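**Student:** Take this structure first; my questions come after.
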Amino acid sequence: MNILSNSLGGLDLLASAVLVLDAEGRIAYANAAAESLLESSFKLLSQYRLADLFVNGDKLAAIFEQARQHQFDEKREDLLLERAGRVPLQVSMIVTVLDDPENPVLIELRENVQQLKLDREERILDQTQANKELIRNLAHEIKNPLGGIRGAAQLLELELPDRHLKELREYTQVIIKESDRLQTLVDRLLAPHRRPQIVGDVNIHEVFERVRSLIMAEFPVGLSIRRDYDLSLPEFRGDKEQLIQAVLNIAHNAAQALAVRIAVGDAELIFRSRIIRSVTIAKVRYRLALDLHIIDNGPGIPADLKDRIFYPLVSGKDGGSGLGLTLAQTFVQQHMGVIECDSRPGHTDFRLLIALP
């Protein structure tokens with residue numbers, strides 16, 4: 001095994017992961033990139049067959065067996081490798097048969113970052129469409145009966161006898177006020193789909209500065225907002241108020257999540273703006289796009305919420321409506337854009353990509 005490692009030592013310079021498997025499918029060699037990709041040292045990896053590292057390793061085992069039996073010289077395939085308790089790996093794999101009975105198979109793995117991004121965007125688009133259907137159903141199923149309930153409570157209140165009016169009016173008012181509260185919630189859900197866009201020239205830094213002033217007014221002590229702007233960014237056509245609301249919803253959520261750090265005095269938000277070239281958004285290729293970031297140094301998004309943060313009525317805050325990020329995603333998508341999120345303890349980055357046609 002040491003001889004093999006010494007003879008293949010030059011492969012440590014490669015960016016792609018390279019593995020050599022012995023006749024039983026065990027890992028006889030792994031370069032530095034493979035250790036990084038698989039998040040394990042070679043000493044640990046050498047104790048396993050490659051197929052045993054993944055939940056769906058049967059596919060790898062079958063390909064290894066075909067290679068061992070010389071059913072092909074080289075095979076290329078894209079795979080999603082599932083790992084227990086870890087993020088799946090989307091990889092492009094090249095399997096090469098070696099002229100060595102003891103170590104007959106070489107595998108090269110390249111993480112397919114672009115495919116992961118496309119899959120994530122597709123999930124966001126599907127999720128947004130599902131959100132729209134949910135909202136329509138909510139409007140249909142709640143709004144009409146709600147009006148009837150409120151009206152009936154008002155009529156009932158008018159019919160109450162004077163001697164019982166004071167003690168019973170409390171209950172009719174509960175019905176009326178709760179009906180109004182639910183009506184407001186439905187109206188907020190429907191707001192982005194009802195109001196037409198008011199399109200004009202938008203300077204994205206004016207959007208950031210407006211949000212910055214609002215956040216600093218609410219959190220004047222313990223929170224700093226750092227600007228990291230590319231002042232050469234062009235103006236573009238869009239709805240300024242929608243974009244202010246989208247950025248504000250994200251930044252306000254971040255500021256609330258920073259409560260502990262604000263109390264200590266080291267809470268930080270970063271507003272960053274850049275241009276990105278040749279980007280794909282919602283399966284459409286654009287020559288240019290705005291690459292905007294709202295970054296905080298808070299505790300991060302809980303693992304059980306990461307995949308659901310853009311769902312309506314899903315909130316990580318007590319008393320939260322769960323509508324802020326849903327509306328932000330809707331407003332950005334109406335500008336040929338998408339919001340992505342990368343979060344870990346101490347670093348949460350909401351990235352807004354907005355196409356510049």
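By order of appearance in the structure tokens: chains A, B, ..., then residues from 1 within every chain, and ligands from 1 in the order shown.
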Give me, as a list in words, all polymer residues having an atom no more than 9 Å from His347 of chain A, counting only C-alpha atoms and skipping those fewer than 3 positions away in the same chain.
**Tutor:**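 Listed by chain and then number, they are Ile295, Asp296, Asn297, Gly298, Pro299, Gly300, Asp342, Ser343 and Arg344 of chain A.
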**Student:** Give me a file of those residues, with C-alpha atoms, as a tab-separated table (two decimals), in the first residue's frame.
**Tutor:**
chain	number	residue	atom	x	y	z
A	295	ILE	CA	-24.33	38.22	5.47
A	296	ASP	CA	-24.61	37.99	9.25
A	297	ASN	CA	-22.47	36.49	11.99
A	298	GLY	CA	-25.40	35.01	13.90
A	299	PRO	CA	-26.07	31.46	15.09
A	300	GLY	CA	-27.12	30.15	11.67
A	342	ASP	CA	-25.80	29.22	2.76
A	343	SER	CA	-25.81	28.97	6.54
A	344	ARG	CA	-23.62	27.61	9.28
**Student:** Would you pick out the contacts of Met336 of chain A at 9 Å or less, using only C-alpha atoms, so that residues sharing its chain but fewer than 5 positions from it are not included, and give the list as an mmCIF file with C-alpha atoms, in the first residue's frame?
**Tutor:**
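Listed below is the output, selection.cif:
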data_model
loop_
_atom_site.group_PDB
_atom_site.id
_atom_site.type_symbol
_atom_site.label_atom_id
_atom_site.label_comp_id
_atom_site.auth_asym_id
_atom_site.auth_seq_id
_atom_site.Cartn_x
_atom_site.Cartn_y
_atom_site.Cartn_z
ATOM 1 C CA ILE A 281 -30.975 31.555 -13.428
ATOM 2 C CA ALA A 282 -34.109 29.435 -13.677
ATOM 3 C CA LEU A 353 -28.988 36.912 -8.103
ATOM 4 C CA ILE A 354 -30.858 39.368 -10.356
ATOM 5 C CA ALA A 355 -30.465 39.102 -14.122
ATOM 6 C CA LEU A 356 -29.436 42.133 -16.163
#
**Student:** Name the closest residue to Ile198 of chain A among the candidates A:Glu141, A:Asp239, A:Glu35, A:Glu170; distances are taken between atoms, counting only C-alpha atoms.
**Tutor:**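 The shortest atom-to-atom distance to Ile198 of chain A comes from A:Asp239.
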**Student:** In Å, rounded to a single decimal, give me how far atom CA of Leu214 of chain A is from atom CA of Arg272 of chain A.
**Tutor:**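 So the answer is 17.2 Å.
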**Student:** Can you work out which one of A:Val186, A:Ile215, A:Ala23, A:Leu158 has the shortest atom-to-atom distance to Pro101 of chain A, counting only C-alpha atoms?
**Tutor:**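 Looking only at the distances to Pro101 of chain A, the closest residue turns out to be A:Ala23.
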